[in-house]
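Next comes protein.pdb, a file with PDB, C-alpha atoms.
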```pdb
ATOM      1  CA  MET A 183       0.000   0.000   0.000
ATOM      2  CA  PRO A 184       1.503   3.405  -0.976
ATOM      3  CA  ASN A 185       2.408   5.752   1.854
ATOM      4  CA  LEU A 186       0.925   9.222   2.320
ATOM      5  CA  LYS A 187       3.810  10.989   0.578
ATOM      6  CA  ASP A 188       3.483   8.799  -2.532
ATOM      7  CA  LEU A 189      -0.267   9.399  -2.668
ATOM      8  CA  LYS A 190       0.187  13.141  -2.248
ATOM      9  CA  ASN A 191       2.787  13.263  -5.036
ATOM     10  CA  ARG A 192       0.573  11.227  -7.333
ATOM     11  CA  ILE A 193      -2.417  13.490  -6.725
ATOM     12  CA  ALA A 194      -0.276  16.540  -7.533
ATOM     13  CA  SER A 195       0.989  14.847 -10.708
ATOM     14  CA  VAL A 196      -2.512  13.986 -11.931
ATOM     15  CA  LYS A 197      -3.693  17.536 -11.181
ATOM     16  CA  SER A 198      -0.863  18.896 -13.332
ATOM     17  CA  THR A 199      -1.832  16.512 -16.138
ATOM     18  CA  ARG A 200      -5.455  17.633 -15.868
ATOM     19  CA  LYS A 201      -4.398  21.269 -16.287
ATOM     20  CA  ILE A 202      -2.522  20.345 -19.474
ATOM     21  CA  THR A 203      -5.377  18.312 -20.973
ATOM     22  CA  LYS A 204      -7.866  21.059 -20.098
ATOM     23  CA  ALA A 205      -5.688  23.661 -21.802
ATOM     24  CA  MET A 206      -5.278  21.445 -24.882
ATOM     25  CA  GLN A 207      -9.044  20.948 -25.004
ATOM     26  CA  MET A 208      -9.635  24.703 -24.974
ATOM     27  CA  VAL A 209      -7.008  25.293 -27.683
ATOM     28  CA  ALA A 210      -8.513  22.536 -29.846
ATOM     29  CA  ALA A 211     -11.986  24.050 -29.377
ATOM     30  CA  ALA A 212     -10.740  27.433 -30.598
ATOM     31  CA  LYS A 213      -8.972  25.899 -33.595
ATOM     32  CA  LEU A 214     -11.951  23.672 -34.365
ATOM     33  CA  ARG A 215     -14.262  26.610 -35.052
ATOM     34  CA  ARG A 216     -11.916  28.052 -37.684
ATOM     35  CA  ALA A 217     -11.163  24.657 -39.224
ATOM     36  CA  GLN A 218     -14.840  23.676 -39.313
ATOM     37  CA  ASP A 219     -15.824  26.979 -40.936
ATOM     38  CA  ALA A 220     -13.121  26.506 -43.590
ATOM     39  CA  ALA A 221     -14.182  22.924 -44.321
ATOM     40  CA  GLU A 222     -17.879  23.806 -44.559
ATOM     41  CA  ALA A 223     -17.158  26.858 -46.710
ATOM     42  CA  SER A 224     -15.237  24.719 -49.217
ATOM     43  CA  ARG A 225     -17.995  22.125 -49.648
ATOM     44  CA  PRO A 226     -20.367  24.166 -51.897
ATOM     45  CA  TYR A 227     -17.492  25.068 -54.240
ATOM     46  CA  THR A 228     -16.251  21.483 -54.358
ATOM     47  CA  GLU A 229     -19.751  20.112 -54.975
ATOM     48  CA  ARG A 230     -20.471  22.619 -57.762
ATOM     49  CA  PHE A 231     -17.070  22.054 -59.343
ATOM     50  CA  ASN A 232     -17.616  18.292 -59.306
ATOM     51  CA  ALA A 233     -21.104  18.726 -60.743
ATOM     52  CA  VAL A 234     -19.772  20.697 -63.714
ATOM     53  CA  MET A 235     -16.938  18.224 -64.166
ATOM     54  CA  ALA A 236     -19.410  15.337 -64.053
ATOM     55  CA  GLN A 237     -21.414  16.952 -66.837
ATOM     56  CA  LEU A 238     -18.321  17.481 -68.965
ATOM     57  CA  ALA A 239     -17.070  13.965 -68.290
ATOM     58  CA  ALA A 240     -20.434  12.478 -69.220
ATOM     59  CA  SER A 241     -20.408  14.430 -72.498
ATOM     60  CA  VAL A 242     -16.919  13.325 -73.425
ATOM     61  CA  GLY A 243     -17.544   9.759 -72.258
ATOM     62  CA  GLY A 244     -15.125   7.290 -73.774
ATOM     63  CA  ALA A 245     -14.200   9.569 -76.658
ATOM     64  CA  GLU A 246     -10.841   9.002 -78.229
ATOM     65  CA  GLY A 247      -9.675  12.512 -77.373
ATOM     66  CA  ALA A 248     -10.577  12.244 -73.687
ATOM     67  CA  PRO A 249      -7.812  13.481 -71.361
ATOM     68  CA  LYS A 250      -5.673  10.823 -69.750
ATOM     69  CA  LEU A 251      -6.627  12.025 -66.262
ATOM     70  CA  LEU A 252     -10.223  11.069 -67.077
ATOM     71  CA  SER A 253      -9.835   7.993 -69.247
ATOM     72  CA  GLY A 254      -6.857   6.556 -67.341
ATOM     73  CA  THR A 255      -3.882   4.666 -68.684
ATOM     74  CA  GLY A 256      -5.918   1.660 -69.737
ATOM     75  CA  SER A 257      -4.563  -0.339 -66.812
ATOM     76  CA  ASN A 258      -5.102  -0.514 -63.053
ATOM     77  CA  GLN A 259      -2.034  -2.525 -62.125
ATOM     78  CA  VAL A 260      -0.152   0.128 -60.134
ATOM     79  CA  HIS A 261      -1.982   1.984 -57.349
ATOM     80  CA  LEU A 262      -0.791   5.085 -55.521
ATOM     81  CA  LEU A 263      -2.245   5.547 -52.029
ATOM     82  CA  VAL A 264      -1.967   9.114 -50.715
ATOM     83  CA  VAL A 265      -2.418   8.767 -46.946
ATOM     84  CA  MET A 266      -3.225  12.121 -45.314
ATOM     85  CA  THR A 267      -2.965  12.309 -41.524
ATOM     86  CA  ALA A 268      -1.920  14.799 -38.846
ATOM     87  CA  GLU A 269       1.570  15.906 -37.895
ATOM     88  CA  ARG A 270       0.759  15.508 -34.195
ATOM     89  CA  GLY A 271      -0.895  12.943 -31.977
ATOM     90  CA  LEU A 272      -3.113  13.175 -28.879
ATOM     91  CA  CYS A 273      -6.246  13.204 -31.042
ATOM     92  CA  GLY A 274      -7.861   9.887 -30.215
ATOM     93  CA  GLY A 275      -8.294   7.453 -33.071
ATOM     94  CA  PHE A 276      -8.109  10.068 -35.836
ATOM     95  CA  ASN A 277      -4.713   9.066 -37.249
ATOM     96  CA  SER A 278      -5.037   5.336 -36.592
ATOM     97  CA  ASN A 279      -8.444   5.122 -38.299
ATOM     98  CA  ILE A 280      -7.122   6.662 -41.523
ATOM     99  CA  SER A 281      -4.004   4.477 -41.435
ATOM    100  CA  ARG A 282      -6.109   1.382 -40.806
ATOM    101  CA  LEU A 283      -8.275   2.113 -43.840
ATOM    102  CA  ALA A 284      -5.156   2.570 -45.982
ATOM    103  CA  LYS A 285      -3.668  -0.680 -44.646
ATOM    104  CA  ILE A 286      -6.828  -2.612 -45.509
ATOM    105  CA  ARG A 287      -6.818  -1.182 -49.038
ATOM    106  CA  ALA A 288      -3.111  -1.922 -49.519
ATOM    107  CA  GLN A 289      -3.494  -5.507 -48.316
ATOM    108  CA  LYS A 290      -6.520  -6.035 -50.564
ATOM    109  CA  LEU A 291      -4.705  -4.699 -53.623
ATOM    110  CA  GLN A 292      -1.643  -6.834 -52.910
ATOM    111  CA  SER A 293      -3.812  -9.929 -52.543
ATOM    112  CA  GLU A 294      -5.178  -9.168 -56.025
ATOM    113  CA  GLY A 295      -1.664  -9.050 -57.458
ATOM    114  CA  LYS A 296      -1.543  -5.242 -57.791
ATOM    115  CA  THR A 297       1.486  -3.069 -57.175
ATOM    116  CA  VAL A 298       1.040  -0.579 -54.347
ATOM    117  CA  LYS A 299       2.931   2.649 -53.774
ATOM    118  CA  ILE A 300       2.364   4.963 -50.813
ATOM    119  CA  LEU A 301       2.794   8.723 -50.565
ATOM    120  CA  THR A 302       2.306  10.040 -47.029
ATOM    121  CA  VAL A 303       1.138  13.495 -45.984
ATOM    122  CA  GLY A 304       1.606  13.974 -42.253
ATOM    123  CA  LYS A 305       4.071  12.403 -39.835
ATOM    124  CA  LYS A 306       1.647  10.184 -37.907
ATOM    125  CA  GLY A 307       0.436   8.258 -40.940
ATOM    126  CA  ARG A 308       4.014   7.644 -42.030
ATOM    127  CA  ASP A 309       4.968   6.367 -38.572
ATOM    128  CA  SER A 310       1.940   4.078 -38.458
ATOM    129  CA  LEU A 311       2.547   2.527 -41.882
ATOM    130  CA  LYS A 312       6.339   2.370 -41.748
ATOM    131  CA  ARG A 313       6.666  -1.034 -40.073
ATOM    132  CA  ASP A 314       4.386  -3.012 -42.406
ATOM    133  CA  PHE A 315       4.608  -0.990 -45.624
ATOM    134  CA  GLY A 316       7.852   0.959 -45.370
ATOM    135  CA  SER A 317       9.191  -0.648 -48.534
ATOM    136  CA  LEU A 318       6.247   0.787 -50.495
ATOM    137  CA  PHE A 319       6.954   4.433 -49.595
ATOM    138  CA  ILE A 320       7.852   6.643 -52.539
ATOM    139  CA  GLY A 321       7.647  10.033 -50.866
ATOM    140  CA  HIS A 322       6.551  12.132 -47.916
ATOM    141  CA  ILE A 323       5.136  15.645 -47.661
ATOM    142  CA  ASP A 324       5.790  17.489 -44.402
ATOM    143  CA  LEU A 325       3.223  20.105 -43.376
ATOM    144  CA  SER A 326       4.493  20.587 -39.828
ATOM    145  CA  GLY A 327       5.666  24.107 -40.615
ATOM    146  CA  VAL A 328       2.306  25.187 -42.073
ATOM    147  CA  LYS A 329       0.398  27.380 -39.636
ATOM    148  CA  ARG A 330      -2.732  27.692 -41.743
ATOM    149  CA  LEU A 331      -3.610  25.433 -44.661
ATOM    150  CA  GLY A 332      -4.092  27.114 -48.003
ATOM    151  CA  TYR A 333      -4.801  26.109 -51.576
ATOM    152  CA  ILE A 334      -1.097  26.464 -52.338
ATOM    153  CA  ASN A 335      -0.381  23.488 -50.053
ATOM    154  CA  ALA A 336      -2.858  21.373 -51.996
ATOM    155  CA  GLN A 337      -1.296  22.518 -55.277
ATOM    156  CA  GLU A 338       2.138  21.348 -54.122
ATOM    157  CA  ILE A 339       0.786  17.885 -53.330
ATOM    158  CA  ALA A 340      -1.182  17.812 -56.588
ATOM    159  CA  ARG A 341       1.895  18.756 -58.616
ATOM    160  CA  ASP A 342       3.824  15.905 -57.013
ATOM    161  CA  VAL A 343       1.051  13.392 -57.765
ATOM    162  CA  LEU A 344       0.489  14.651 -61.324
ATOM    163  CA  ALA A 345       4.224  14.602 -62.106
ATOM    164  CA  ARG A 346       4.402  10.969 -61.013
ATOM    165  CA  PHE A 347       1.336  10.161 -63.121
ATOM    166  CA  ASP A 348       2.793  11.860 -66.196
ATOM    167  CA  ALA A 349       5.997   9.877 -65.626
ATOM    168  CA  GLY A 350       3.975   6.656 -65.716
ATOM    169  CA  GLU A 351       4.699   5.693 -62.096
ATOM    170  CA  PHE A 352       1.109   4.600 -61.355
ATOM    171  CA  ASP A 353      -2.294   3.998 -62.956
ATOM    172  CA  VAL A 354      -4.741   4.798 -60.143
ATOM    173  CA  ALA A 355      -4.429   7.295 -57.294
ATOM    174  CA  THR A 356      -6.582   7.327 -54.153
ATOM    175  CA  ILE A 357      -6.477   9.766 -51.243
ATOM    176  CA  PHE A 358      -7.251   8.743 -47.666
ATOM    177  CA  PHE A 359      -8.547  11.275 -45.154
ATOM    178  CA  ALA A 360     -11.235  11.779 -42.499
ATOM    179  CA  ARG A 361     -14.462  13.532 -43.452
ATOM    180  CA  PHE A 362     -15.684  15.810 -40.666
ATOM    181  CA  GLU A 363     -19.230  15.373 -39.364
ATOM    182  CA  ASN A 364     -19.089  16.657 -35.805
ATOM    183  CA  VAL A 365     -16.825  16.734 -32.749
ATOM    184  CA  VAL A 366     -17.323  13.059 -31.937
ATOM    185  CA  SER A 367     -17.742  11.684 -35.458
ATOM    186  CA  GLN A 368     -15.127  11.734 -38.214
ATOM    187  CA  HIS A 369     -15.402   9.220 -41.047
ATOM    188  CA  PRO A 370     -12.247   7.718 -42.627
ATOM    189  CA  THR A 371     -12.720   8.098 -46.384
ATOM    190  CA  ALA A 372     -11.027   6.807 -49.523
ATOM    191  CA  GLN A 373     -11.549   8.881 -52.678
ATOM    192  CA  GLN A 374     -10.149   8.058 -56.101
ATOM    193  CA  ILE A 375      -8.767  11.149 -57.821
ATOM    194  CA  ILE A 376      -6.962   9.585 -60.833
ATOM    195  CA  PRO A 377      -8.620   8.583 -63.117
ATOM    196  CA  ALA A 378     -11.171  11.166 -62.035
ATOM    197  CA  LYS A 379     -14.497   9.857 -60.817
ATOM    198  CA  PHE A 380     -17.533  12.077 -60.442
ATOM    199  CA  ASP A 381     -20.960  11.442 -58.979
ATOM    200  CA  GLN A 382     -23.286  11.379 -61.959
ATOM    201  CA  ALA A 383     -26.225  12.326 -59.762
ATOM    202  CA  ALA A 384     -24.469  15.531 -58.765
ATOM    203  CA  ASP A 385     -25.149  17.177 -62.134
ATOM    204  CA  ALA A 386     -28.938  16.868 -61.910
ATOM    205  CA  ASP A 387     -29.386  20.617 -61.162
ATOM    206  CA  VAL A 388     -26.698  21.867 -63.537
ATOM    207  CA  THR A 389     -27.822  23.929 -66.497
ATOM    208  CA  LEU A 390     -26.747  22.610 -69.894
ATOM    209  CA  TYR A 391     -24.096  24.783 -71.506
ATOM    210  CA  ASP A 392     -22.323  25.017 -74.811
ATOM    211  CA  TYR A 393     -18.602  25.147 -74.120
ATOM    212  CA  GLU A 394     -16.000  27.059 -76.066
ATOM    213  CA  PRO A 395     -13.416  25.750 -76.801
ATOM    214  CA  GLY A 396     -14.314  22.081 -76.967
ATOM    215  CA  GLU A 397     -15.154  19.998 -73.925
ATOM    216  CA  GLU A 398     -11.982  17.928 -74.288
ATOM    217  CA  GLU A 399      -9.800  21.053 -74.113
ATOM    218  CA  ILE A 400     -11.694  22.399 -71.098
ATOM    219  CA  LEU A 401     -11.396  19.072 -69.305
ATOM    220  CA  ALA A 402      -7.688  18.912 -70.018
ATOM    221  CA  ASP A 403      -7.313  22.271 -68.253
ATOM    222  CA  LEU A 404      -9.757  21.650 -65.390
ATOM    223  CA  LEU A 405      -8.851  18.074 -64.455
ATOM    224  CA  PRO A 406      -5.479  18.999 -62.871
ATOM    225  CA  ARG A 407      -7.306  21.676 -60.915
ATOM    226  CA  GLY A 408      -9.835  19.036 -59.951
ATOM    227  CA  VAL A 409      -7.063  16.944 -58.408
ATOM    228  CA  ALA A 410      -5.840  19.955 -56.418
ATOM    229  CA  THR A 411      -9.414  20.812 -55.399
ATOM    230  CA  ALA A 412     -10.047  17.276 -54.129
ATOM    231  CA  ILE A 413      -6.779  17.336 -52.162
ATOM    232  CA  PHE A 414      -7.514  20.779 -50.718
ATOM    233  CA  SER A 415     -10.990  19.692 -49.649
ATOM    234  CA  ALA A 416      -9.475  16.581 -48.005
ATOM    235  CA  LEU A 417      -6.891  18.719 -46.169
ATOM    236  CA  LEU A 418      -9.605  20.987 -44.798
ATOM    237  CA  GLU A 419     -11.780  18.049 -43.764
ATOM    238  CA  ASN A 420      -8.745  16.496 -42.073
ATOM    239  CA  ALA A 421      -7.919  19.705 -40.212
ATOM    240  CA  ALA A 422     -11.453  19.957 -38.798
ATOM    241  CA  SER A 423     -11.529  16.245 -37.983
ATOM    242  CA  GLU A 424      -8.169  16.429 -36.206
ATOM    243  CA  GLN A 425      -9.237  19.290 -33.940
ATOM    244  CA  GLY A 426     -12.617  17.689 -33.259
ATOM    245  CA  ALA A 427     -10.970  14.398 -32.332
ATOM    246  CA  ARG A 428      -8.373  16.160 -30.163
ATOM    247  CA  MET A 429     -11.029  18.188 -28.378
ATOM    248  CA  SER A 430     -13.021  15.035 -27.639
ATOM    249  CA  ALA A 431      -9.937  13.085 -26.558
ATOM    250  CA  MET A 432      -8.708  15.843 -24.236
ATOM    251  CA  ASP A 433     -12.189  16.237 -22.754
ATOM    252  CA  ASN A 434     -12.225  12.524 -21.952
ATOM    253  CA  ALA A 435      -8.708  12.731 -20.528
ATOM    254  CA  THR A 436      -9.678  15.699 -18.329
ATOM    255  CA  ARG A 437     -12.708  13.892 -16.946
ATOM    256  CA  ASN A 438     -10.709  10.711 -16.353
ATOM    257  CA  ALA A 439      -8.061  12.717 -14.493
ATOM    258  CA  GLY A 440     -10.759  14.246 -12.319
ATOM    259  CA  GLU A 441     -12.141  10.819 -11.461
ATOM    260  CA  MET A 442      -8.655   9.548 -10.650
ATOM    261  CA  ILE A 443      -8.005  12.538  -8.386
ATOM    262  CA  ASP A 444     -11.236  11.844  -6.499
ATOM    263  CA  LYS A 445     -10.309   8.171  -5.995
ATOM    264  CA  LEU A 446      -6.753   9.025  -4.911
ATOM    265  CA  THR A 447      -8.049  11.706  -2.523
ATOM    266  CA  ILE A 448     -10.379   9.181  -0.888
ATOM    267  CA  GLN A 449      -7.521   6.701  -0.619
ATOM    268  CA  TYR A 450      -5.263   9.418   0.822
ATOM    269  CA  ASN A 451      -7.844  10.437   3.437
ATOM    270  CA  ARG A 452      -8.425   6.833   4.459
ATOM    271  CA  SER A 453      -4.704   6.175   4.765
ATOM    272  CA  ARG A 454      -4.234   9.386   6.743
ATOM    273  CA  GLN A 455      -7.109   8.471   9.030
ATOM    274  CA  ALA A 456      -5.605   5.014   9.566
ATOM    275  CA  VAL A 457      -2.239   6.539  10.465
ATOM    276  CA  ILE A 458      -3.839   8.935  12.939
ATOM    277  CA  THR A 459      -5.894   6.119  14.461
ATOM    278  CA  ASN A 460      -2.776   3.979  14.876
ATOM    279  CA  GLU A 461      -0.941   6.860  16.548
ATOM    280  CA  LEU A 462      -3.832   7.447  18.955
ATOM    281  CA  ILE A 463      -3.946   3.742  19.826
ATOM    282  CA  GLU A 464      -0.207   3.784  20.550
ATOM    283  CA  ILE A 465      -0.556   6.885  22.770
ATOM    284  CA  ILE A 466      -3.511   5.429  24.676
ATOM    285  CA  SER A 467      -1.796   2.050  25.048
ATOM    286  CA  GLY A 468       1.328   3.764  26.363
ATOM    287  CA  ALA A 469      -0.689   5.853  28.834
ATOM    288  CA  GLU A 470      -2.475   2.778  30.160
ATOM    289  CA  ALA A 471       0.796   0.927  30.589
ATOM    290  CA  LEU A 472       2.077   3.609  32.968
TER     291      LEU A 472
END
```
Before we go any further, please render this structure as structure tokens.
Amino acid sequence: MPNLKDLKNRIASVKSTRKITKAMQMVAAAKLRRAQDAAEASRPYTERFNAVMAQLAASVGGAEGAPKLLSGTGSNQVHLLVVMTAERGLCGGFNSNISRLAKIRAQKLQSEGKTVKILTVGKKGRDSLKRDFGSLFIGHIDLSGVKRLGYINAQEIARDVLARFDAGEFDVATIFFARFENVVSQHPTAQQIIPAKFDQAADADVTLYDYEPGEEEILADLLPRGVATAIFSALLENAASEQGARMSAMDNATRNAGEMIDKLTIQYNRSRQAVITNELIEIISGAEAL
């Protein structure tokens, strides 16, 4: 049984931890509002962009002049998995859930005889995948120095992916991220970006247009932007999901610390009472012996 000094030190240690987790929860809550606003603000643009692209893609169909980013290479043998996670931990299962989804996809593709390559965005995803899939890594993008995500960050990632595609390094590219729903719910998501896939139902409310120049030329110009737009949307969703998960995790940690402090305080008081009782018994026994 721990002595009173050990219990007192442990209570002080847990109280210090609770102060840290409470502060981290408050910081995450402040960052969450900005990240959530950015993610929600990007959704209408992304949806409208995809709707227009879906209409153009449906018009071009399997035409001979269709851009390669839409029609593909004619093969699906080599797959590039772009795993997007956070640079920091202490955010519950946010990073592990994305990594787990990527692992399942990689294992499935390998079982089908496909070649898998992995490009990581964020330190935690790289650390999680390194042991089992380190030999499949072809690159890493570090965003630890980025204070506020911008479209330029998505463009840098898109340029890297597109350059590898133009060089014939892969046939299919898929991004992995967490789609933000609320503070306690973030959904790991896999989205194919090359060859581009668009929801055909999304263009139901889009007005029919005549395009000048031709649809093939417009698609050739817009498809690279579509890759960057998809990546930027995923980055924003990830940022909101990360802060939501961290806020929830730190809230749980704060409450758990409070419960532990209460239990340790009870144990401390009982031990202290037992010590005092023993001392009184010794004093009384000594007095009676005289």
Evaluate the PyMOL selection byres ((chain A and resi 434) around 12) on the structure here and hand back the selected residues as a ChimeraX atom specification.
/A:200,203-204,206-207,272-274,366,427-433,435-441
Which one of A:Lys305, A:Arg313, A:Leu318, A:Val264 sits closest to Thr356 in chain A if you count all atoms listed in the file?
A:Val264
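Applied to this file, the PyMOL selection byres ((chain A and resi 332) around 12) selects Ala217, Ala220, Ala221, Ser224, Leu325, Val328, Lys329, Arg330, Leu331, Tyr333, Ile334, Asn335, Ala336, Gln337, Glu338, Ile339, Ala410, Thr411, Ile413, Phe414, Ser415, Ala416, Leu417, Leu418 and Ala421 of chain A.
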What's the separation between CA of Gly304 in chain A and CA of Ile323 in chain A, in Å to one decimal place?
6.7 Å
Write out as a list in words the residues lying within 8 Å of Pro377 in chain A, counting all atoms listed in the file and excluding same-chain residues fewer than 6 positions away.
Lys250, Leu251, Leu252, Ser253, Gly254, Asp353, Val354 and Ala355 of chain A
Residue selection dump (C-alpha atoms) as a PDB file, keeping the file's coordinate frame:
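part.pdb, freshly written:
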```
ATOM      1  CA  LYS A 250      -5.673  10.823 -69.750  1.00  0.00           C
ATOM      2  CA  LEU A 251      -6.627  12.025 -66.262  1.00  0.00           C
ATOM      3  CA  LEU A 252     -10.223  11.069 -67.077  1.00  0.00           C
ATOM      4  CA  SER A 253      -9.835   7.993 -69.247  1.00  0.00           C
ATOM      5  CA  GLY A 254      -6.857   6.556 -67.341  1.00  0.00           C
ATOM      6  CA  ASP A 353      -2.294   3.998 -62.956  1.00  0.00           C
ATOM      7  CA  VAL A 354      -4.741   4.798 -60.143  1.00  0.00           C
ATOM      8  CA  ALA A 355      -4.429   7.295 -57.294  1.00  0.00           C
TER       9      ALA A 355
END
```
